[in-house]
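K.L.:
Sending over my_file.cif (mmCIF, C-alpha atoms and all ligand atoms).
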data_input
loop_
_atom_site.group_PDB
_atom_site.id
_atom_site.type_symbol
_atom_site.label_atom_id
_atom_site.label_comp_id
_atom_site.auth_asym_id
_atom_site.auth_seq_id
_atom_site.Cartn_x
_atom_site.Cartn_y
_atom_site.Cartn_z
ATOM 1 C CA MET A 9 -62.701 32.560 30.680
ATOM 2 C CA LYS A 10 -59.640 34.417 29.472
ATOM 3 C CA ARG A 11 -57.071 34.814 32.214
ATOM 4 C CA LEU A 12 -55.961 38.365 32.923
ATOM 5 C CA ASN A 13 -52.328 39.130 32.201
ATOM 6 C CA PRO A 14 -50.814 39.686 35.678
ATOM 7 C CA TYR A 15 -48.148 41.993 34.203
ATOM 8 C CA SER A 16 -50.564 44.430 32.517
ATOM 9 C CA GLY A 17 -51.001 46.495 35.681
ATOM 10 C CA LEU A 18 -47.275 46.565 36.401
ATOM 11 C CA VAL A 19 -46.395 47.689 32.874
ATOM 12 C CA GLY A 20 -49.136 50.327 32.876
ATOM 13 C CA GLY A 21 -47.440 52.177 35.747
ATOM 14 C CA LEU A 22 -43.964 52.329 34.156
ATOM 15 C CA SER A 23 -42.455 55.537 32.781
ATOM 16 C CA ALA A 24 -41.650 55.683 29.062
ATOM 17 C CA GLY A 25 -37.942 55.182 29.770
ATOM 18 C CA LYS A 26 -38.485 52.173 32.008
ATOM 19 C CA LEU A 27 -40.947 50.659 29.541
ATOM 20 C CA GLU A 28 -38.288 50.924 26.815
ATOM 21 C CA LEU A 29 -35.736 49.176 29.036
ATOM 22 C CA LEU A 30 -38.246 46.447 29.847
ATOM 23 C CA SER A 31 -39.151 45.821 26.212
ATOM 24 C CA ALA A 32 -35.424 45.721 25.311
ATOM 25 C CA ALA A 33 -34.854 43.123 28.027
ATOM 26 C CA VAL A 34 -37.825 41.078 26.777
ATOM 27 C CA GLU A 35 -36.458 41.231 23.215
ATOM 28 C CA GLU A 36 -33.008 40.107 24.396
ATOM 29 C CA ARG A 37 -34.492 37.142 26.218
ATOM 30 C CA ARG A 38 -36.608 36.186 23.177
ATOM 31 C CA LEU A 39 -33.570 36.416 20.862
ATOM 32 C CA ARG A 40 -31.448 34.328 23.230
ATOM 33 C CA GLU A 41 -34.038 31.573 23.026
ATOM 34 C CA GLU A 42 -34.426 31.860 19.252
ATOM 35 C CA ILE A 43 -30.853 32.310 18.007
ATOM 36 C CA GLY A 44 -28.688 31.691 21.079
ATOM 37 C CA VAL A 45 -27.483 35.272 21.598
ATOM 38 C CA GLY A 46 -29.418 38.297 22.837
ATOM 39 C CA THR A 47 -27.096 41.275 22.367
ATOM 40 C CA LEU A 48 -24.372 42.530 20.034
ATOM 41 C CA ALA A 49 -21.779 41.805 22.745
ATOM 42 C CA GLU A 50 -22.978 38.210 23.126
ATOM 43 C CA ALA A 51 -22.931 37.735 19.337
ATOM 44 C CA ALA A 52 -19.397 39.178 19.177
ATOM 45 C CA ASP A 53 -18.101 36.924 21.990
ATOM 46 C CA ARG A 54 -19.785 33.853 20.512
ATOM 47 C CA TYR A 55 -18.826 34.240 16.865
ATOM 48 C CA ARG A 56 -15.609 36.303 17.044
ATOM 49 C CA PRO A 57 -14.013 35.312 20.352
ATOM 50 C CA ARG A 58 -10.501 36.188 19.148
ATOM 51 C CA PRO A 59 -10.532 38.160 15.885
ATOM 52 C CA ALA A 60 -7.344 38.844 13.934
ATOM 53 C CA CYS A 61 -6.194 42.465 13.568
ATOM 54 C CA SER A 62 -8.470 44.184 11.082
ATOM 55 C CA ALA A 63 -5.543 46.223 9.701
ATOM 56 C CA CYS A 64 -2.587 43.822 9.423
ATOM 57 C CA GLY A 65 -4.004 40.368 10.144
ATOM 58 C CA GLU A 66 -1.994 39.798 13.366
ATOM 59 C CA ALA A 67 -3.541 36.698 14.898
ATOM 60 C CA SER A 68 -2.955 37.476 18.588
ATOM 61 C CA PRO A 69 -4.200 40.971 19.431
ATOM 62 C CA TRP A 70 -4.335 42.211 23.038
ATOM 63 C CA ARG A 71 -7.569 42.676 24.916
ATOM 64 C CA ASP A 72 -8.373 46.354 25.407
ATOM 65 C CA GLY A 73 -11.504 46.567 27.538
ATOM 66 C CA ARG A 74 -15.045 46.780 26.298
ATOM 67 C CA GLU A 75 -17.256 49.332 24.553
ATOM 68 C CA PRO A 76 -20.223 50.755 26.530
ATOM 69 C CA SER A 77 -22.338 48.237 24.587
ATOM 70 C CA GLY A 78 -20.226 45.408 26.033
ATOM 71 C CA VAL A 79 -18.499 44.555 22.732
ATOM 72 C CA ARG A 80 -14.843 43.706 23.365
ATOM 73 C CA ARG A 81 -12.113 46.062 22.155
ATOM 74 C CA TRP A 82 -8.705 44.881 20.921
ATOM 75 C CA ARG A 83 -5.299 46.424 20.277
ATOM 76 C CA CYS A 84 -2.773 45.052 17.835
ATOM 77 C CA PRO A 85 0.780 44.490 19.193
ATOM 78 C CA SER A 86 2.218 44.644 15.662
ATOM 79 C CA CYS A 87 0.657 47.746 14.092
ATOM 80 C CA GLY A 88 -1.029 49.402 17.075
ATOM 81 C CA ALA A 89 -4.480 49.391 15.446
ATOM 82 C CA ARG A 90 -7.476 49.461 17.758
ATOM 83 C CA PHE A 91 -10.610 47.636 16.758
ATOM 84 C CA THR A 92 -13.573 45.755 18.213
ATOM 85 C CA SER A 93 -14.785 42.204 17.809
ATOM 86 C CA LEU A 94 -17.363 43.508 15.309
ATOM 87 C CA THR A 95 -14.952 45.487 13.102
ATOM 88 C CA GLY A 96 -15.252 44.282 9.527
ATOM 89 C CA THR A 97 -18.601 42.567 10.099
ATOM 90 C CA VAL A 98 -22.112 43.650 9.130
ATOM 91 C CA LEU A 99 -22.615 44.724 12.752
ATOM 92 C CA GLU A 100 -19.660 47.147 12.847
ATOM 93 C CA ASN A 101 -20.608 50.481 14.525
ATOM 94 C CA CYS A 102 -24.198 49.293 14.903
ATOM 95 C CA LYS A 103 -26.106 51.634 17.230
ATOM 96 C CA LYS A 104 -29.307 49.600 17.213
ATOM 97 C CA PRO A 105 -29.989 46.497 19.304
ATOM 98 C CA LEU A 106 -29.304 43.081 17.808
ATOM 99 C CA SER A 107 -33.048 42.416 17.651
ATOM 100 C CA THR A 108 -33.447 45.229 15.088
ATOM 101 C CA TRP A 109 -30.832 43.605 12.845
ATOM 102 C CA VAL A 110 -32.442 40.194 13.160
ATOM 103 C CA SER A 111 -35.848 41.650 12.217
ATOM 104 C CA PHE A 112 -34.245 43.454 9.278
ATOM 105 C CA ILE A 113 -32.640 40.259 7.961
ATOM 106 C CA ARG A 114 -35.916 38.347 8.318
ATOM 107 C CA LEU A 115 -37.750 40.993 6.274
ATOM 108 C CA ALA A 116 -34.980 41.019 3.654
ATOM 109 C CA LEU A 117 -35.358 37.242 3.253
ATOM 110 C CA PHE A 118 -38.925 37.878 2.104
ATOM 111 C CA ALA A 119 -37.750 40.623 -0.300
ATOM 112 C CA VAL A 120 -39.705 43.266 1.602
ATOM 113 C CA PRO A 121 -39.161 46.714 -0.015
ATOM 114 C CA LEU A 122 -36.542 48.884 1.660
ATOM 115 C CA ASP A 123 -38.939 51.582 2.872
ATOM 116 C CA ALA A 124 -41.181 48.938 4.427
ATOM 117 C CA CYS A 125 -38.137 47.416 6.193
ATOM 118 C CA ALA A 126 -37.190 50.874 7.487
ATOM 119 C CA GLU A 127 -40.722 51.467 8.770
ATOM 120 C CA ALA A 128 -41.062 48.060 10.416
ATOM 121 C CA CYS A 129 -37.616 48.249 12.068
ATOM 122 C CA ARG A 130 -37.996 51.923 13.026
ATOM 123 C CA ILE A 131 -34.808 52.943 11.258
ATOM 124 C CA THR A 132 -34.223 55.665 8.672
ATOM 125 C CA HIS A 133 -34.227 54.972 4.955
ATOM 126 C CA GLN A 134 -30.475 55.737 4.878
ATOM 127 C CA THR A 135 -29.760 53.182 7.604
ATOM 128 C CA ALA A 136 -31.900 50.575 5.862
ATOM 129 C CA TRP A 137 -30.051 51.254 2.603
ATOM 130 C CA LYS A 138 -26.663 50.915 4.311
ATOM 131 C CA TRP A 139 -27.689 47.717 6.108
ATOM 132 C CA ARG A 140 -28.993 46.115 2.923
ATOM 133 C CA HIS A 141 -25.716 46.814 1.154
ATOM 134 C CA ARG A 142 -23.769 45.347 4.068
ATOM 135 C CA LEU A 143 -25.995 42.297 3.978
ATOM 136 C CA PHE A 144 -25.461 41.789 0.253
ATOM 137 C CA ALA A 145 -21.693 42.296 0.669
ATOM 138 C CA ALA A 146 -21.648 39.669 3.447
ATOM 139 C CA VAL A 147 -23.416 36.999 1.388
ATOM 140 C CA ASP A 148 -21.761 37.947 -1.921
ATOM 141 C CA GLY A 149 -19.672 35.062 -3.200
ATOM 142 C CA TYR A 150 -21.081 32.651 -0.602
ATOM 143 C CA GLN A 151 -22.440 30.288 -3.235
ATOM 144 C CA ASP A 152 -19.312 30.468 -5.419
ATOM 145 C CA ARG A 153 -17.791 27.571 -3.483
ATOM 146 C CA ILE A 154 -20.916 25.431 -3.791
ATOM 147 C CA VAL A 155 -20.596 22.752 -6.439
ATOM 148 C CA LEU A 156 -23.779 20.935 -7.364
ATOM 149 C CA ARG A 157 -23.321 17.213 -7.928
ATOM 150 C CA GLY A 158 -25.330 14.419 -9.460
ATOM 151 C CA THR A 159 -28.884 15.215 -10.414
ATOM 152 C CA VAL A 160 -29.737 18.877 -10.103
ATOM 153 C CA TRP A 161 -33.333 20.035 -9.912
ATOM 154 C CA VAL A 162 -33.993 23.454 -11.361
ATOM 155 C CA ASP A 163 -36.860 25.893 -11.105
ATOM 156 C CA GLU A 164 -37.204 29.570 -11.938
ATOM 157 C CA THR A 165 -38.621 32.576 -10.192
ATOM 158 C CA TYR A 166 -39.060 36.107 -11.547
ATOM 159 C CA ILE A 167 -38.493 39.538 -10.057
ATOM 160 C CA ASN A 168 -39.076 43.006 -11.476
ATOM 161 C CA ASP A 169 -35.945 44.656 -12.860
ATOM 162 C CA THR A 170 -35.354 47.876 -10.954
ATOM 163 C CA ASP A 171 -32.585 49.005 -13.335
ATOM 164 C CA LEU A 172 -33.506 52.516 -14.524
ATOM 165 C CA SER A 173 -32.085 51.880 -17.988
ATOM 166 C CA ARG A 174 -34.583 49.080 -18.429
ATOM 167 C CA GLY A 175 -37.655 51.196 -17.937
ATOM 168 C CA TYR A 176 -38.092 51.251 -14.190
ATOM 169 C CA GLY A 177 -41.182 53.329 -13.466
ATOM 170 C CA GLN A 178 -42.869 52.444 -16.731
ATOM 171 C CA ALA A 179 -46.226 50.726 -16.660
ATOM 172 C CA ARG A 180 -45.732 47.165 -15.502
ATOM 173 C CA LYS A 181 -46.705 44.492 -17.954
ATOM 174 C CA ARG A 182 -48.601 41.515 -16.663
ATOM 175 C CA GLY A 183 -47.157 38.030 -16.663
ATOM 176 C CA LEU A 184 -43.666 37.047 -17.746
ATOM 177 C CA SER A 185 -42.617 40.119 -19.682
ATOM 178 C CA ARG A 186 -39.091 41.156 -20.644
ATOM 179 C CA GLN A 187 -39.239 43.576 -17.690
ATOM 180 C CA LYS A 188 -38.693 40.671 -15.335
ATOM 181 C CA VAL A 189 -35.357 39.102 -14.450
ATOM 182 C CA CYS A 190 -35.338 35.332 -14.299
ATOM 183 C CA ILE A 191 -33.570 33.753 -11.309
ATOM 184 C CA ALA A 192 -32.848 30.066 -11.874
ATOM 185 C CA VAL A 193 -32.562 28.098 -8.637
ATOM 186 C CA GLY A 194 -30.854 24.705 -8.639
ATOM 187 C CA ILE A 195 -30.597 22.162 -5.835
ATOM 188 C CA ASP A 196 -28.857 18.793 -5.740
ATOM 189 C CA SER A 197 -29.609 15.641 -3.767
ATOM 190 C CA ARG A 198 -27.455 16.905 -0.842
ATOM 191 C CA LYS A 199 -29.764 19.967 -0.695
ATOM 192 C CA GLU A 200 -27.003 22.361 -1.752
ATOM 193 C CA PRO A 201 -28.759 25.335 -3.391
ATOM 194 C CA VAL A 202 -27.478 27.761 -6.019
ATOM 195 C CA ALA A 203 -29.312 30.723 -7.548
ATOM 196 C CA VAL A 204 -28.154 32.448 -10.732
ATOM 197 C CA ALA A 205 -29.530 35.377 -12.712
ATOM 198 C CA CYS A 206 -30.662 34.104 -16.066
ATOM 199 C CA GLY A 207 -31.473 37.175 -18.166
ATOM 200 C CA HIS A 208 -34.829 38.805 -18.865
ATOM 201 C CA GLY A 209 -38.105 37.114 -19.668
ATOM 202 C CA LYS A 210 -38.746 33.404 -19.768
ATOM 203 C CA PRO A 211 -35.471 31.618 -20.614
ATOM 204 C CA SER A 212 -35.016 28.601 -22.833
ATOM 205 C CA SER A 213 -33.842 25.353 -21.250
ATOM 206 C CA GLY A 214 -30.483 25.947 -22.946
ATOM 207 C CA ARG A 215 -30.094 29.345 -21.315
ATOM 208 C CA ILE A 216 -30.851 27.874 -17.897
ATOM 209 C CA MET A 217 -28.383 25.022 -18.461
ATOM 210 C CA GLU A 218 -25.727 27.521 -19.522
ATOM 211 C CA ALA A 219 -26.310 29.783 -16.494
ATOM 212 C CA MET A 220 -26.374 26.860 -14.089
ATOM 213 C CA GLY A 221 -23.530 24.895 -15.730
ATOM 214 C CA GLY A 222 -20.735 26.797 -13.961
ATOM 215 C CA SER A 223 -22.023 25.619 -10.589
ATOM 216 C CA CYS A 224 -22.172 21.968 -11.550
ATOM 217 C CA GLY A 225 -19.300 19.632 -10.728
ATOM 218 C CA GLU A 226 -18.147 16.589 -12.612
ATOM 219 C CA GLY A 227 -21.118 14.438 -13.469
ATOM 220 C CA GLY A 228 -23.491 17.168 -12.347
ATOM 221 C CA ALA A 229 -26.124 18.037 -14.866
ATOM 222 C CA PRO A 230 -29.185 20.174 -14.455
ATOM 223 C CA ARG A 231 -32.335 18.384 -15.468
ATOM 224 C CA ALA A 232 -34.552 20.244 -17.857
ATOM 225 C CA ARG A 233 -37.213 22.251 -16.115
ATOM 226 C CA GLN A 234 -39.792 20.551 -18.267
ATOM 227 C CA VAL A 235 -38.947 17.327 -16.422
ATOM 228 C CA ILE A 236 -39.207 18.733 -12.921
ATOM 229 C CA LYS A 237 -41.159 21.922 -12.566
ATOM 230 C CA SER A 238 -40.799 22.587 -8.901
ATOM 231 C CA ILE A 239 -38.301 21.939 -6.165
HETATM 232 ZN ZN ZN B 301 -2.330 45.000 13.279
#
Starting from the file, lay out its structure as structure tokens.
P.N.:
Amino acid sequence: MKRLNPYSGLVGGLSAGKLELLSAAVEERRLREEIGVGTLAEAADRYRPRPACSACGEASPWRDGREPSGVRRWRCPSCGARFTSLTGTVLENCKKPLSTWVSFIRLALFAVPLDACAEACRITHQTAWKWRHRLFAAVDGYQDRIVLRGTVWVDETYINDTDLSRGYGQARKRGLSRQKVCIAVGIDSRKEPVAVACGHGKPSSGRIMEAMGGSCGEGGAPRARQVIKSI
């Protein structure tokens, strides 16, 4: 027999405001167990315990209290700038709880459309748009320092091109049409991954090699996709 949830009765009697506080506390606890931090303030203290001045780079700013959210504030002894531990990060001026950001990132990893992300995270389209741009800016250039070595396995995936000049909104063609952008993904034996845009439609092996070549170090050579189809 299914056991009754002993908390159902307690939750049923809570006001809307108290229920919101309770669900926020539950979310914080869940996040703490999943990613080690439950709030913006905890994330700031963990990952930016002593940030440099966001204006001049001074390495030893003074502590200047905390925001109502608990995020630490700083003041620069050199230029007088005031900033918080989250200034210059994707979480700067974030008014939503950390759990909303984590959900947003998880959805973005599955390439969920922006409006669907906004709906699922209960944020406006404008906020979702701003967050996605911040996310892209944060990861931009991340793979530039990755150098693939030794044998590199390559596979491709395809996404629809949303560039208006390329016929966005036109009837979608089935299969691998020229409307799709090819993303070549390479991985080496150390499991370092690199993804590069590889033009429209199905690319030749040569085009993949050329696109991937810049990420390969000495002795690194992508193997033809005909040899290894999947990674
Ligand atoms: Zn400064």
K.L.:
CA of Arg157 in chain A to CA of Ser197 in chain A: how many Å, to one decimal?
P.N.:
7.7 Å
K.L.:
Which residue out of A:Met220, A:Val189, A:Cys125, A:Ser31 has the minimum interatomic distance to Val204 in chain A when only C-alpha atoms are used?
P.N.:
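Selected residue with least distance to Val204 in chain A: A:Met220.
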K.L.:
Can you work out which one of A:Cys102, A:Cys84, A:Ala49, A:Ile154 has the shortest atom-to-atom distance to ligand ZN 301 (chain B), counting only C-alpha atoms and all ligand atoms?
P.N.:
A:Cys84
K.L.:
Could I get the residue neighbourhood of ligand ZN 301 (chain B) at 9 Å, counting only C-alpha atoms and all ligand atoms, as a tab-separated table (two decimals) with C-alpha atoms, in the frame of the given file?
P.N.:
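Saved to pocket_0.tsv:
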chain	number	residue	atom	x	y	z
A	60	ALA	CA	-7.34	38.84	13.93
A	61	CYS	CA	-6.19	42.46	13.57
A	62	SER	CA	-8.47	44.18	11.08
A	63	ALA	CA	-5.54	46.22	9.70
A	64	CYS	CA	-2.59	43.82	9.42
A	65	GLY	CA	-4.00	40.37	10.14
A	66	GLU	CA	-1.99	39.80	13.37
A	67	ALA	CA	-3.54	36.70	14.90
A	69	PRO	CA	-4.20	40.97	19.43
A	83	ARG	CA	-5.30	46.42	20.28
A	84	CYS	CA	-2.77	45.05	17.84
A	85	PRO	CA	0.78	44.49	19.19
A	86	SER	CA	2.22	44.64	15.66
A	87	CYS	CA	0.66	47.75	14.09
A	88	GLY	CA	-1.03	49.40	17.08
A	89	ALA	CA	-4.48	49.39	15.45
A	90	ARG	CA	-7.48	49.46	17.76
K.L.:
From the set A:Asp123, A:Asp169, A:Glu200, A:Glu36, which residue has the shortest atom-to-atom contact distance to Asp152 in chain A, counting only C-alpha atoms?
P.N.:
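Result for the nearest residue to Asp152 in chain A: A:Glu200.
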K.L.:
Report as a PDB file with C-alpha atoms, in the coordinates of the input the residues that result from applying the PyMOL selection byres (((chain A and resi 77) around 9) and not hetatm) to the structure here.
P.N.:
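Listed below is the output, part_39.pdb:
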ATOM      1  CA  THR A  47     -27.096  41.275  22.367  1.00  0.00           C
ATOM      2  CA  LEU A  48     -24.372  42.530  20.034  1.00  0.00           C
ATOM      3  CA  ALA A  49     -21.779  41.805  22.745  1.00  0.00           C
ATOM      4  CA  ARG A  74     -15.045  46.780  26.298  1.00  0.00           C
ATOM      5  CA  GLU A  75     -17.256  49.332  24.553  1.00  0.00           C
ATOM      6  CA  PRO A  76     -20.223  50.755  26.530  1.00  0.00           C
ATOM      7  CA  GLY A  78     -20.226  45.408  26.033  1.00  0.00           C
ATOM      8  CA  VAL A  79     -18.499  44.555  22.732  1.00  0.00           C
ATOM      9  CA  ARG A  80     -14.843  43.706  23.365  1.00  0.00           C
ATOM     10  CA  LYS A 103     -26.106  51.634  17.230  1.00  0.00           C
TER      11      LYS A 103
END
K.L.:
Can you work out the spacing between CA of Arg54 in chain A and CA of Val120 in chain A in Å, to one decimal?
P.N.:
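Straight-line distance from CA of Arg54 in chain A to CA of Val120 in chain A works out to 29.0 Å.
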K.L.:
Once the PyMOL selection byres (((chain A and resi 139) around 10) and not hetatm) is applied to the coordinates I shared, what remains selected? I want it as a list in words.
P.N.:
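In the shown coordinates, the PyMOL selection byres (((chain A and resi 139) around 10) and not hetatm) covers Val98, Leu99, Cys102, Trp109, Phe112, Ile113, Leu122, His133, Gln134, Thr135, Ala136, Trp137, Lys138, Arg140, His141, Arg142, Leu143, Phe144 and Ala145 of chain A.
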K.L.:
Would you write out, as JSON, numbers by chain, every residue that the PyMOL selection byres (((chain A and resi 155) around 12) and not hetatm) captures in this file?
P.N.:
{"A": [150, 151, 152, 153, 154, 156, 157, 158, 159, 160, 194, 195, 196, 197, 198, 199, 200, 201, 202, 203, 220, 221, 222, 223, 224, 225, 226, 227, 228, 229]}
K.L.:
Mind pulling up the distance from CA of Ile131 in chain A to CA of Thr108 in chain A?
P.N.:
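Separating CA of Thr108 in chain A from CA of Ile131 in chain A is a distance of 8.7 Å.
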